Structures are given as C-alpha cells and as structure tokens.
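Have a look at final_18.cif below; it lists mmCIF, C-alpha atoms.
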data_model
loop_
_atom_site.group_PDB
_atom_site.id
_atom_site.type_symbol
_atom_site.label_atom_id
_atom_site.label_comp_id
_atom_site.auth_asym_id
_atom_site.auth_seq_id
_atom_site.Cartn_x
_atom_site.Cartn_y
_atom_site.Cartn_z
ATOM 1 C CA MET H 210 0.000 0.000 0.000
ATOM 2 C CA ARG H 211 1.402 3.389 -0.975
ATOM 3 C CA ARG H 212 0.964 5.191 2.318
ATOM 4 C CA SER H 213 2.297 8.464 1.005
ATOM 5 C CA LYS H 214 -0.559 8.710 -1.466
ATOM 6 C CA THR H 215 -3.239 8.562 1.159
ATOM 7 C CA GLN H 216 -1.720 10.231 4.196
ATOM 8 C CA SER H 217 -2.870 13.584 5.448
ATOM 9 C CA TYR H 218 -0.449 16.397 4.938
ATOM 10 C CA ARG H 219 1.531 16.896 8.115
ATOM 11 C CA GLY H 220 0.195 19.548 10.450
ATOM 12 C CA LEU H 221 -3.250 20.114 9.012
ATOM 13 C CA THR H 222 -6.021 18.694 6.942
ATOM 14 C CA LEU H 223 -8.171 20.754 4.657
ATOM 15 C CA ARG H 224 -11.878 20.464 3.962
ATOM 16 C CA VAL H 225 -13.252 22.338 0.983
ATOM 17 C CA MET H 226 -16.725 23.681 1.525
ATOM 18 C CA GLY H 227 -19.390 24.254 -1.105
ATOM 19 C CA GLY H 228 -21.478 26.892 0.635
ATOM 20 C CA SER H 229 -21.862 25.418 4.112
ATOM 21 C CA ARG H 230 -21.597 21.814 2.869
ATOM 22 C CA PRO H 231 -18.324 19.965 3.257
ATOM 23 C CA THR H 232 -17.562 18.827 -0.285
ATOM 24 C CA LEU H 233 -14.072 17.404 -0.305
ATOM 25 C CA GLY H 234 -11.908 16.539 2.659
ATOM 26 C CA PRO H 235 -9.287 14.005 3.641
ATOM 27 C CA GLY H 236 -11.757 11.098 3.890
ATOM 28 C CA LYS H 237 -13.201 11.464 0.397
ATOM 29 C CA VAL H 238 -9.771 12.172 -1.062
ATOM 30 C CA GLU H 239 -8.418 8.991 0.504
ATOM 31 C CA LEU H 240 -11.433 7.069 -0.800
ATOM 32 C CA ILE H 241 -10.860 8.330 -4.356
ATOM 33 C CA ALA H 242 -7.142 7.467 -4.141
ATOM 34 C CA ARG H 243 -7.911 3.971 -2.878
ATOM 35 C CA ILE H 244 -10.538 3.359 -5.549
ATOM 36 C CA GLU H 245 -7.912 4.360 -8.086
ATOM 37 C CA GLN H 246 -5.415 1.921 -6.529
ATOM 38 C CA THR H 247 -7.815 -0.987 -6.195
ATOM 39 C CA GLY H 248 -10.359 -0.442 -8.974
ATOM 40 C CA SER H 249 -13.047 -1.311 -6.458
ATOM 41 C CA ILE H 250 -15.290 0.599 -4.084
ATOM 42 C CA SER H 251 -15.560 -2.370 -1.731
ATOM 43 C CA ALA H 252 -11.779 -2.912 -1.588
ATOM 44 C CA ALA H 253 -11.271 0.800 -0.961
ATOM 45 C CA ALA H 254 -13.897 0.746 1.798
ATOM 46 C CA ARG H 255 -12.290 -2.304 3.412
ATOM 47 C CA ALA H 256 -8.857 -0.662 3.391
ATOM 48 C CA MET H 257 -10.330 2.333 5.195
ATOM 49 C CA GLY H 258 -12.350 0.335 7.734
ATOM 50 C CA MET H 259 -15.513 1.830 6.261
ATOM 51 C CA SER H 260 -18.721 0.029 5.353
ATOM 52 C CA TYR H 261 -19.398 -0.578 1.690
ATOM 53 C CA ARG H 262 -22.647 1.318 2.091
ATOM 54 C CA ARG H 263 -20.877 4.371 3.484
ATOM 55 C CA ALA H 264 -18.255 4.336 0.739
ATOM 56 C CA TRP H 265 -20.976 4.099 -1.867
ATOM 57 C CA GLN H 266 -22.820 7.041 -0.319
ATOM 58 C CA LEU H 267 -19.639 9.112 -0.402
ATOM 59 C CA VAL H 268 -19.064 8.234 -4.067
ATOM 60 C CA GLU H 269 -22.636 9.221 -4.867
ATOM 61 C CA SER H 270 -22.282 12.518 -3.018
ATOM 62 C CA LEU H 271 -19.040 13.253 -4.886
ATOM 63 C CA ASN H 272 -20.619 12.515 -8.247
ATOM 64 C CA HIS H 273 -23.549 14.704 -7.286
ATOM 65 C CA ALA H 274 -21.476 17.580 -5.900
ATOM 66 C CA PHE H 275 -19.290 18.229 -8.920
ATOM 67 C CA THR H 276 -20.110 19.228 -12.463
ATOM 68 C CA ARG H 277 -18.658 15.963 -13.819
ATOM 69 C CA PRO H 278 -18.446 12.380 -12.540
ATOM 70 C CA VAL H 279 -15.609 11.567 -10.154
ATOM 71 C CA VAL H 280 -15.981 7.774 -10.031
ATOM 72 C CA THR H 281 -17.708 5.581 -12.601
ATOM 73 C CA THR H 282 -18.770 1.979 -12.116
ATOM 74 C CA ALA H 283 -18.625 -0.683 -14.777
ATOM 75 C CA VAL H 284 -21.748 -2.118 -16.359
ATOM 76 C CA GLY H 285 -22.651 -5.447 -14.813
ATOM 77 C CA GLY H 286 -23.216 -4.439 -11.228
ATOM 78 C CA VAL H 287 -21.602 -2.112 -8.796
ATOM 79 C CA ARG H 288 -20.044 -4.696 -6.507
ATOM 80 C CA GLY H 289 -18.817 -6.980 -9.228
ATOM 81 C CA GLY H 290 -18.053 -4.656 -12.073
ATOM 82 C CA GLY H 291 -15.330 -2.533 -10.593
ATOM 83 C CA ALA H 292 -14.974 1.213 -10.278
ATOM 84 C CA THR H 293 -12.805 3.735 -12.076
ATOM 85 C CA VAL H 294 -11.706 7.203 -11.063
ATOM 86 C CA THR H 295 -12.276 9.552 -13.990
ATOM 87 C CA PRO H 296 -9.557 11.922 -15.248
ATOM 88 C CA PHE H 297 -11.674 14.704 -13.714
ATOM 89 C CA GLY H 298 -11.612 12.865 -10.372
ATOM 90 C CA ARG H 299 -7.854 12.492 -10.529
ATOM 91 C CA ARG H 300 -7.495 16.206 -11.225
ATOM 92 C CA LEU H 301 -9.660 16.982 -8.183
ATOM 93 C CA VAL H 302 -7.301 14.992 -5.973
ATOM 94 C CA VAL H 303 -4.239 16.703 -7.436
ATOM 95 C CA ARG H 304 -5.801 20.135 -6.902
ATOM 96 C CA TYR H 305 -6.903 19.287 -3.381
ATOM 97 C CA ARG H 306 -3.396 18.169 -2.436
ATOM 98 C CA ALA H 307 -1.855 21.265 -3.972
ATOM 99 C CA MET H 308 -4.207 23.414 -1.882
ATOM 100 C CA GLU H 309 -3.357 21.437 1.241
ATOM 101 C CA ARG H 310 0.359 21.924 0.646
ATOM 102 C CA ALA H 311 -0.038 25.632 -0.083
ATOM 103 C CA ALA H 312 -2.238 26.209 2.963
ATOM 104 C CA SER H 313 0.175 24.284 5.158
ATOM 105 C CA ALA H 314 3.177 26.206 3.839
ATOM 106 C CA ALA H 315 1.391 29.514 4.418
ATOM 107 C CA ILE H 316 0.863 28.815 8.112
ATOM 108 C CA ALA H 317 3.925 26.667 8.796
ATOM 109 C CA ALA H 318 5.331 29.009 11.445
ATOM 110 C CA GLN H 319 1.954 29.402 13.175
ATOM 111 C CA LEU H 320 1.465 25.626 13.097
ATOM 112 C CA ARG H 321 4.829 25.023 14.725
ATOM 113 C CA ARG H 322 3.984 27.485 17.509
ATOM 114 C CA PHE H 323 0.583 25.840 17.911
ATOM 115 C CA GLU H 324 2.104 22.371 18.034
ATOM 116 C CA SER H 325 4.383 23.473 20.847
ATOM 117 C CA LEU H 326 1.205 23.755 22.959
ATOM 118 C CA LEU H 327 0.443 20.065 22.458
ATOM 119 C CA ARG H 328 1.405 17.673 25.185
ATOM 120 C CA PRO H 329 3.964 15.100 24.027
ATOM 121 C CA ARG H 330 2.292 11.788 23.226
ATOM 122 C CA THR H 331 2.614 8.926 25.634
ATOM 123 C CA GLY H 332 2.442 5.191 24.951
ATOM 124 C CA ARG H 333 -1.171 5.183 26.111
ATOM 125 C CA ASP H 334 -2.159 7.832 23.565
ATOM 126 C CA LYS H 335 -0.461 5.973 20.765
ATOM 127 C CA ARG H 336 -2.760 3.007 21.166
ATOM 128 C CA ARG H 337 -5.895 5.085 20.784
ATOM 129 C CA MET T 242 -26.711 33.160 19.210
ATOM 130 C CA ARG T 243 -23.718 34.821 17.635
ATOM 131 C CA ARG T 244 -23.470 32.815 14.433
ATOM 132 C CA SER T 245 -20.347 34.556 13.247
ATOM 133 C CA LYS T 246 -18.409 33.251 16.232
ATOM 134 C CA THR T 247 -19.096 29.639 15.442
ATOM 135 C CA GLN T 248 -19.252 29.509 11.650
ATOM 136 C CA SER T 249 -16.614 27.842 9.571
ATOM 137 C CA TYR T 250 -14.456 30.176 7.575
ATOM 138 C CA ARG T 251 -15.820 30.311 4.040
ATOM 139 C CA GLY T 252 -14.195 27.968 1.568
ATOM 140 C CA LEU T 253 -12.345 25.654 3.881
ATOM 141 C CA THR T 254 -12.078 24.253 7.331
ATOM 142 C CA LEU T 255 -8.807 23.437 8.979
ATOM 143 C CA ARG T 256 -7.932 20.533 11.239
ATOM 144 C CA VAL T 257 -4.709 20.769 13.192
ATOM 145 C CA MET T 258 -2.983 17.437 13.622
ATOM 146 C CA GLY T 259 -0.762 16.389 16.493
ATOM 147 C CA GLY T 260 1.296 13.704 14.803
ATOM 148 C CA SER T 261 -1.396 11.672 13.052
ATOM 149 C CA ARG T 262 -4.081 12.552 15.612
ATOM 150 C CA PRO T 263 -6.599 15.261 14.805
ATOM 151 C CA THR T 264 -6.232 17.653 17.708
ATOM 152 C CA LEU T 265 -8.261 20.725 16.923
ATOM 153 C CA GLY T 266 -10.779 21.187 14.154
ATOM 154 C CA PRO T 267 -14.016 23.035 13.515
ATOM 155 C CA GLY T 268 -16.108 20.812 15.788
ATOM 156 C CA LYS T 269 -13.962 21.235 18.892
ATOM 157 C CA VAL T 270 -13.485 24.936 18.198
ATOM 158 C CA GLU T 271 -17.247 25.405 17.973
ATOM 159 C CA LEU T 272 -17.680 23.426 21.180
ATOM 160 C CA ILE T 273 -15.176 25.627 23.031
ATOM 161 C CA ALA T 274 -16.848 28.780 21.691
ATOM 162 C CA ARG T 275 -20.273 27.557 22.761
ATOM 163 C CA ILE T 276 -19.087 26.554 26.206
ATOM 164 C CA GLU T 277 -17.698 30.061 26.519
ATOM 165 C CA GLN T 278 -21.062 31.518 25.450
ATOM 166 C CA THR T 279 -23.217 29.304 27.634
ATOM 167 C CA GLY T 280 -20.970 28.425 30.581
ATOM 168 C CA SER T 281 -22.197 24.866 30.238
ATOM 169 C CA ILE T 282 -21.051 21.717 28.471
ATOM 170 C CA SER T 283 -24.600 20.385 28.245
ATOM 171 C CA ALA T 284 -26.000 23.630 26.780
ATOM 172 C CA ALA T 285 -23.128 23.717 24.276
ATOM 173 C CA ALA T 286 -23.773 20.083 23.330
ATOM 174 C CA ARG T 287 -27.488 20.770 22.875
ATOM 175 C CA ALA T 288 -26.805 23.771 20.640
ATOM 176 C CA MET T 289 -24.652 21.562 18.440
ATOM 177 C CA GLY T 290 -27.051 18.605 18.338
ATOM 178 C CA MET T 291 -24.407 16.509 20.097
ATOM 179 C CA SER T 292 -24.865 14.170 23.054
ATOM 180 C CA TYR T 293 -23.653 15.350 26.437
ATOM 181 C CA ARG T 294 -21.449 12.279 26.594
ATOM 182 C CA ARG T 295 -19.780 13.094 23.278
ATOM 183 C CA ALA T 296 -19.210 16.735 24.276
ATOM 184 C CA TRP T 297 -17.689 15.627 27.545
ATOM 185 C CA GLN T 298 -15.362 13.216 25.726
ATOM 186 C CA LEU T 299 -14.238 16.009 23.416
ATOM 187 C CA VAL T 300 -13.557 18.294 26.380
ATOM 188 C CA GLU T 301 -11.537 15.540 28.042
ATOM 189 C CA SER T 302 -9.536 14.916 24.895
ATOM 190 C CA LEU T 303 -8.823 18.657 24.573
ATOM 191 C CA ASN T 304 -7.648 18.906 28.166
ATOM 192 C CA HIS T 305 -5.481 15.854 27.627
ATOM 193 C CA ALA T 306 -4.036 16.960 24.280
ATOM 194 C CA PHE T 307 -2.660 20.325 25.353
ATOM 195 C CA THR T 308 -0.072 21.305 27.905
ATOM 196 C CA ARG T 309 -2.673 23.274 29.892
ATOM 197 C CA PRO T 310 -6.410 22.874 30.543
ATOM 198 C CA VAL T 311 -8.787 24.224 27.909
ATOM 199 C CA VAL T 312 -12.070 23.890 29.823
ATOM 200 C CA THR T 313 -12.492 23.659 33.582
ATOM 201 C CA THR T 314 -15.608 22.534 35.417
ATOM 202 C CA ALA T 315 -16.829 23.997 38.685
ATOM 203 C CA VAL T 316 -16.681 22.057 41.935
ATOM 204 C CA GLY T 317 -20.052 20.523 42.714
ATOM 205 C CA GLY T 318 -20.557 18.348 39.681
ATOM 206 C CA VAL T 319 -20.005 18.650 36.010
ATOM 207 C CA ARG T 320 -23.623 18.914 34.876
ATOM 208 C CA GLY T 321 -24.721 21.315 37.535
ATOM 209 C CA GLY T 322 -21.628 23.311 38.296
ATOM 210 C CA GLY T 323 -21.004 24.920 34.961
ATOM 211 C CA ALA T 324 -17.930 24.988 32.772
ATOM 212 C CA THR T 325 -15.435 27.718 31.974
ATOM 213 C CA VAL T 326 -13.088 28.149 29.063
ATOM 214 C CA THR T 327 -9.657 29.026 30.377
ATOM 215 C CA PRO T 328 -7.660 31.989 29.025
ATOM 216 C CA PHE T 329 -5.402 29.366 27.433
ATOM 217 C CA GLY T 330 -8.454 27.817 25.738
ATOM 218 C CA ARG T 331 -9.551 31.193 24.427
ATOM 219 C CA ARG T 332 -6.096 31.800 22.984
ATOM 220 C CA LEU T 333 -6.239 28.421 21.237
ATOM 221 C CA VAL T 334 -9.461 29.436 19.511
ATOM 222 C CA VAL T 335 -8.021 32.802 18.462
ATOM 223 C CA ARG T 336 -4.900 31.137 17.079
ATOM 224 C CA TYR T 337 -6.900 28.466 15.293
ATOM 225 C CA ARG T 338 -9.075 31.096 13.609
ATOM 226 C CA ALA T 339 -6.052 33.152 12.614
ATOM 227 C CA MET T 340 -4.538 30.059 10.992
ATOM 228 C CA GLU T 341 -7.801 29.290 9.215
ATOM 229 C CA ARG T 342 -7.953 32.829 7.835
ATOM 230 C CA ALA T 343 -4.309 32.788 6.755
ATOM 231 C CA ALA T 344 -4.623 29.373 5.113
ATOM 232 C CA SER T 345 -7.781 30.435 3.337
ATOM 233 C CA ALA T 346 -6.223 33.680 2.104
ATOM 234 C CA ALA T 347 -3.175 31.794 0.826
ATOM 235 C CA ILE T 348 -5.249 29.548 -1.418
ATOM 236 C CA ALA T 349 -8.111 31.910 -2.231
ATOM 237 C CA ALA T 350 -7.519 31.841 -5.980
ATOM 238 C CA GLN T 351 -7.157 28.044 -6.028
ATOM 239 C CA LEU T 352 -10.316 27.699 -3.938
ATOM 240 C CA ARG T 353 -12.298 29.844 -6.342
ATOM 241 C CA ARG T 354 -11.173 27.726 -9.282
ATOM 242 C CA PHE T 355 -12.006 24.588 -7.329
ATOM 243 C CA GLU T 356 -15.440 25.889 -6.403
ATOM 244 C CA SER T 357 -16.200 26.524 -10.059
ATOM 245 C CA LEU T 358 -16.134 22.718 -10.450
ATOM 246 C CA LEU T 359 -18.977 22.327 -7.950
ATOM 247 C CA ARG T 360 -22.459 21.879 -9.264
ATOM 248 C CA PRO T 361 -24.785 24.733 -8.243
ATOM 249 C CA ARG T 362 -26.964 23.732 -5.306
ATOM 250 C CA THR T 363 -30.593 22.865 -5.919
ATOM 251 C CA GLY T 364 -33.521 23.132 -3.533
ATOM 252 C CA ARG T 365 -33.251 19.418 -2.826
ATOM 253 C CA ASP T 366 -29.634 19.751 -1.717
ATOM 254 C CA LYS T 367 -30.405 22.627 0.592
ATOM 255 C CA ARG T 368 -32.632 20.467 2.743
ATOM 256 C CA ARG T 369 -29.900 17.893 3.335
#
Is it possible to give me this structure as structure tokens?
Amino acid sequence: MRRSKTQSYRGLTLRVMGGSRPTLGPGKVELIARIEQTGSISAAARAMGMSYRRAWQLVESLNHAFTRPVVTTAVGGVRGGGATVTPFGRRLVVRYRAMERAASAAIAAQLRRFESLLRPRTGRDKRR
Amino acid sequence: MRRSKTQSYRGLTLRVMGGSRPTLGPGKVELIARIEQTGSISAAARAMGMSYRRAWQLVESLNHAFTRPVVTTAVGGVRGGGATVTPFGRRLVVRYRAMERAASAAIAAQLRRFESLLRPRTGRDKRR
C-alpha cells in the first residue's frame, strides 16, 4: 500500500466547503485514491475500515457535488463490475493536495507554535 | 446566538494534527466557543445537536491533548456546576481562527477555481 498517497499532509487537513456543505476533505480524497489503486469501491472501503454502504454514499455525493463524474462503475453491477476514477476525479485529488500543501506552507510558522502547545504523546495515547 | 463566532471560515475548514491525531478542528473549536457563550457543556452540546457524553469526551480529549487545561468545570458536579473556558483555551481558539484565515487567504484563488467545479446547489440539496 502506498501510504504516502493517502496520508494527510503533516500539520493540518483541509476540507473544501461548497457553501456550508463539506464537499471534499481528507476522507473522500483517501477514498478516491484507494478506488484508483484498487479499482473497487468495496476494496477501498475495506482498506479504510468503512462500510461498503458508506463508501458508496460518499461516491454518490461526490458525483452529485461536482459538475462531472468523479468515479464511474462498470456495467454489470456495482459490486462486481469494478470502479474507475475519472480523469476529472484524478485532477480533483491533485488540486486538493496542492491546496493542502499551499495552505500548510502559508501557516507553517503558526502551526509550529501551535504544536508546541500540544502535550507530548505517551504510549497510552499511541494506542488510541 | 452569535453565528459569526461559530461559523466555519468560508471555503475551507482546517484541522490541526498532532502527529497523526486530529487535535483541533471546527467541531472542537465550535464546542469551546459555545461553552464560553453558555458556561455549560450540556447547553453547548445541545446547541450543536451533540450528546452530552460526546461533548464531555471532546472536552476531556482537549484537556489531555494540550499542555494546559482548555475547559475547567466547577466544583459541585459537572452537569450542575457549569464549565469555563480558560484563558489558554480562548487563545487556542483565536490562534486556530487566525490560521484558518491565513490558510484560506493563501489559497483563495485556487479555492475559487475549485469551487467553479462544484455543481450549483438545488432546492433538494439545501434540505440535506
């Protein structure tokens, strides 16, 4: 599994809002990336510890939220037929990650000061 | 209710990570702000449509995550005695909002281009 493709950018995560609706955040971006890796909504859901039903709902909300489809499913049944991230969907992920990097870079100094207010993690925390 | 104090910054929300743990995001920031407004964890939870138990868990995780307490509860019982946001907690909220504004300003042009890919909202969506 390519962890670097699905990890949150260090220090912050970004959620893009459409009006007051959250439209694209780290969860949906990870889901799209994992569908691209696996060609399957159910495999992507499993990898994220998410129910198939939930993953499917997120895919539907993505396809509904944007002007063009983000994920398409093959003819022959959703579970069996496989799923494909469209070129538009891939561009969304690239743009999202670019925004996350730019936002993080813009507040890097503030983030470091903020992080100095966090208590160091203990073994107990790590297991949470 | 002072909506402007608790609304997400337009275009994005920010979640500050401590290592790979989400430490402070829009939900906890709203909870702190509402505890400050109401002097009560249960009133804050109610205003957010959140269970008292969940709000209390979030307060505990905040107090555990940072080097100093964020919310203190009065002697005489948590439900009855009221809750107070510490000066440290108030500074956290101010810093978080400053970071959100700075991050949003840094990617304003990218966000506008991204938002142009969103489908306009319909009446049906608005009720969601």
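Taking CA of Leu221 (chain H) and CA of Met258 (chain T) as endpoints, the distance between them is 5.3 Å.
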**Report entry** Expected answer as a PyMOL selection string: chain T residues within 10 Å of chain H, all atoms listed in the file
**Finding:** chain T and resi 248-266+303-309+329+333+336-337+339-352+354-362+366-367+369
Taking the file above as input, evaluate the PyMOL selection byres ((chain T and resi 282) around 9) and report the hits as a PDB file with C-alpha atoms, in the frame of the given file.
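File produced: selection_35.pdb:
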ATOM      1  CA  LEU T 272     -17.680  23.426  21.180  1.00  0.00           C
ATOM      2  CA  ILE T 273     -15.176  25.627  23.031  1.00  0.00           C
ATOM      3  CA  ARG T 275     -20.273  27.557  22.761  1.00  0.00           C
ATOM      4  CA  ILE T 276     -19.087  26.554  26.206  1.00  0.00           C
ATOM      5  CA  THR T 279     -23.217  29.304  27.634  1.00  0.00           C
ATOM      6  CA  GLY T 280     -20.970  28.425  30.581  1.00  0.00           C
ATOM      7  CA  SER T 281     -22.197  24.866  30.238  1.00  0.00           C
ATOM      8  CA  SER T 283     -24.600  20.385  28.245  1.00  0.00           C
ATOM      9  CA  ALA T 284     -26.000  23.630  26.780  1.00  0.00           C
ATOM     10  CA  ALA T 285     -23.128  23.717  24.276  1.00  0.00           C
ATOM     11  CA  ALA T 286     -23.773  20.083  23.330  1.00  0.00           C
ATOM     12  CA  ARG T 287     -27.488  20.770  22.875  1.00  0.00           C
ATOM     13  CA  TYR T 293     -23.653  15.350  26.437  1.00  0.00           C
ATOM     14  CA  ALA T 296     -19.210  16.735  24.276  1.00  0.00           C
ATOM     15  CA  TRP T 297     -17.689  15.627  27.545  1.00  0.00           C
ATOM     16  CA  VAL T 300     -13.557  18.294  26.380  1.00  0.00           C
ATOM     17  CA  THR T 314     -15.608  22.534  35.417  1.00  0.00           C
ATOM     18  CA  VAL T 319     -20.005  18.650  36.010  1.00  0.00           C
ATOM     19  CA  ARG T 320     -23.623  18.914  34.876  1.00  0.00           C
ATOM     20  CA  GLY T 323     -21.004  24.920  34.961  1.00  0.00           C
ATOM     21  CA  ALA T 324     -17.930  24.988  32.772  1.00  0.00           C
ATOM     22  CA  THR T 325     -15.435  27.718  31.974  1.00  0.00           C
TER      23      THR T 325
END
At most 10 Å from (-10.0, 10.0, -16.2), file frame, only C-alpha atoms: which residues, as a tab-separated table (two decimals) with C-alpha atoms, in the frame of the given file?
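The result, stored in selection.tsv:
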chain	number	residue	atom	x	y	z
H	278	PRO	CA	-18.45	12.38	-12.54
H	279	VAL	CA	-15.61	11.57	-10.15
H	280	VAL	CA	-15.98	7.77	-10.03
H	281	THR	CA	-17.71	5.58	-12.60
H	293	THR	CA	-12.80	3.74	-12.08
H	294	VAL	CA	-11.71	7.20	-11.06
H	295	THR	CA	-12.28	9.55	-13.99
H	296	PRO	CA	-9.56	11.92	-15.25
H	297	PHE	CA	-11.67	14.70	-13.71
H	298	GLY	CA	-11.61	12.86	-10.37
H	299	ARG	CA	-7.85	12.49	-10.53
H	300	ARG	CA	-7.50	16.21	-11.22
Chain T post-superposition (all in-order Cα pairs with chain H) as a short mmCIF file (atom, residue, chain, number, x, y, z; two decimals) with C-alpha atoms, in the frame of the given file:
data_model
loop_
_atom_site.label_atom_id
_atom_site.label_comp_id
_atom_site.auth_asym_id
_atom_site.auth_seq_id
_atom_site.Cartn_x
_atom_site.Cartn_y
_atom_site.Cartn_z
CA MET T 242 -0.05 -0.01 -0.12
CA ARG T 243 1.41 3.35 -1.02
CA ARG T 244 0.98 5.15 2.29
CA SER T 245 2.31 8.43 1.00
CA LYS T 246 -0.55 8.69 -1.47
CA THR T 247 -3.22 8.53 1.17
CA GLN T 248 -1.66 10.23 4.19
CA SER T 249 -2.82 13.57 5.45
CA TYR T 250 -0.40 16.39 4.91
CA ARG T 251 1.54 16.91 8.12
CA GLY T 252 0.19 19.57 10.44
CA LEU T 253 -3.25 20.10 9.00
CA THR T 254 -6.01 18.68 6.94
CA LEU T 255 -8.17 20.75 4.67
CA ARG T 256 -11.87 20.46 3.98
CA VAL T 257 -13.23 22.33 0.99
CA MET T 258 -16.71 23.68 1.53
CA GLY T 259 -19.36 24.24 -1.10
CA GLY T 260 -21.45 26.90 0.60
CA SER T 261 -21.87 25.42 4.07
CA ARG T 262 -21.60 21.82 2.85
CA PRO T 263 -18.32 19.97 3.24
CA THR T 264 -17.55 18.85 -0.29
CA LEU T 265 -14.07 17.41 -0.30
CA GLY T 266 -11.92 16.55 2.67
CA PRO T 267 -9.30 14.00 3.65
CA GLY T 268 -11.75 11.10 3.90
CA LYS T 269 -13.20 11.47 0.40
CA VAL T 270 -9.77 12.17 -1.06
CA GLU T 271 -8.42 8.98 0.50
CA LEU T 272 -11.43 7.07 -0.80
CA ILE T 273 -10.86 8.33 -4.35
CA ALA T 274 -7.15 7.48 -4.14
CA ARG T 275 -7.92 3.98 -2.89
CA ILE T 276 -10.54 3.36 -5.54
CA GLU T 277 -7.92 4.37 -8.07
CA GLN T 278 -5.43 1.93 -6.51
CA THR T 279 -7.82 -0.98 -6.18
CA GLY T 280 -10.36 -0.43 -8.96
CA SER T 281 -13.05 -1.29 -6.45
CA ILE T 282 -15.31 0.61 -4.07
CA SER T 283 -15.58 -2.36 -1.73
CA ALA T 284 -11.80 -2.92 -1.58
CA ALA T 285 -11.29 0.80 -0.95
CA ALA T 286 -13.92 0.75 1.81
CA ARG T 287 -12.29 -2.29 3.42
CA ALA T 288 -8.86 -0.65 3.37
CA MET T 289 -10.33 2.33 5.19
CA GLY T 290 -12.33 0.33 7.73
CA MET T 291 -15.51 1.82 6.27
CA SER T 292 -18.73 0.02 5.35
CA TYR T 293 -19.42 -0.58 1.68
CA ARG T 294 -22.67 1.31 2.10
CA ARG T 295 -20.90 4.37 3.51
CA ALA T 296 -18.27 4.33 0.74
CA TRP T 297 -20.99 4.09 -1.87
CA GLN T 298 -22.84 7.04 -0.32
CA LEU T 299 -19.65 9.11 -0.39
CA VAL T 300 -19.08 8.23 -4.05
CA GLU T 301 -22.65 9.23 -4.85
CA SER T 302 -22.30 12.52 -3.01
CA LEU T 303 -19.04 13.24 -4.89
CA ASN T 304 -20.63 12.52 -8.25
CA HIS T 305 -23.56 14.72 -7.29
CA ALA T 306 -21.47 17.59 -5.90
CA PHE T 307 -19.30 18.23 -8.94
CA THR T 308 -20.12 19.24 -12.47
CA ARG T 309 -18.67 15.97 -13.82
CA PRO T 310 -18.46 12.40 -12.51
CA VAL T 311 -15.62 11.57 -10.14
CA VAL T 312 -16.00 7.78 -10.02
CA THR T 313 -17.72 5.59 -12.59
CA THR T 314 -18.79 1.99 -12.10
CA ALA T 315 -18.64 -0.68 -14.78
CA VAL T 316 -21.77 -2.10 -16.38
CA GLY T 317 -22.69 -5.40 -14.78
CA GLY T 318 -23.18 -4.34 -11.19
CA VAL T 319 -21.46 -2.08 -8.78
CA ARG T 320 -19.93 -4.70 -6.49
CA GLY T 321 -18.73 -6.98 -9.20
CA GLY T 322 -18.00 -4.68 -12.08
CA GLY T 323 -15.30 -2.54 -10.59
CA ALA T 324 -14.99 1.21 -10.28
CA THR T 325 -12.82 3.74 -12.07
CA VAL T 326 -11.72 7.20 -11.07
CA THR T 327 -12.28 9.55 -13.97
CA PRO T 328 -9.55 11.91 -15.23
CA PHE T 329 -11.67 14.69 -13.72
CA GLY T 330 -11.61 12.87 -10.37
CA ARG T 331 -7.85 12.49 -10.53
CA ARG T 332 -7.47 16.21 -11.21
CA LEU T 333 -9.65 16.98 -8.19
CA VAL T 334 -7.30 14.98 -5.98
CA VAL T 335 -4.22 16.70 -7.43
CA ARG T 336 -5.79 20.13 -6.91
CA TYR T 337 -6.91 19.28 -3.39
CA ARG T 338 -3.40 18.16 -2.45
CA ALA T 339 -1.85 21.25 -3.99
CA MET T 340 -4.19 23.41 -1.91
CA GLU T 341 -3.37 21.43 1.22
CA ARG T 342 0.35 21.91 0.63
CA ALA T 343 -0.04 25.63 -0.10
CA ALA T 344 -2.25 26.20 2.94
CA SER T 345 0.15 24.28 5.14
CA ALA T 346 3.17 26.19 3.84
CA ALA T 347 1.39 29.51 4.41
CA ILE T 348 0.85 28.81 8.10
CA ALA T 349 3.91 26.67 8.81
CA ALA T 350 5.32 29.01 11.44
CA GLN T 351 1.94 29.40 13.16
CA LEU T 352 1.45 25.63 13.10
CA ARG T 353 4.80 25.03 14.74
CA ARG T 354 3.96 27.47 17.52
CA PHE T 355 0.56 25.84 17.91
CA GLU T 356 2.07 22.37 18.06
CA SER T 357 4.37 23.47 20.86
CA LEU T 358 1.19 23.77 22.97
CA LEU T 359 0.41 20.08 22.48
CA ARG T 360 1.36 17.68 25.20
CA PRO T 361 3.94 15.11 24.04
CA ARG T 362 2.29 11.80 23.23
CA THR T 363 2.61 8.93 25.67
CA GLY T 364 2.47 5.21 24.99
CA ARG T 365 -1.14 5.16 26.13
CA ASP T 366 -2.14 7.78 23.57
CA LYS T 367 -0.44 5.94 20.75
CA ARG T 368 -2.75 2.98 21.11
CA ARG T 369 -5.87 5.12 20.73
#
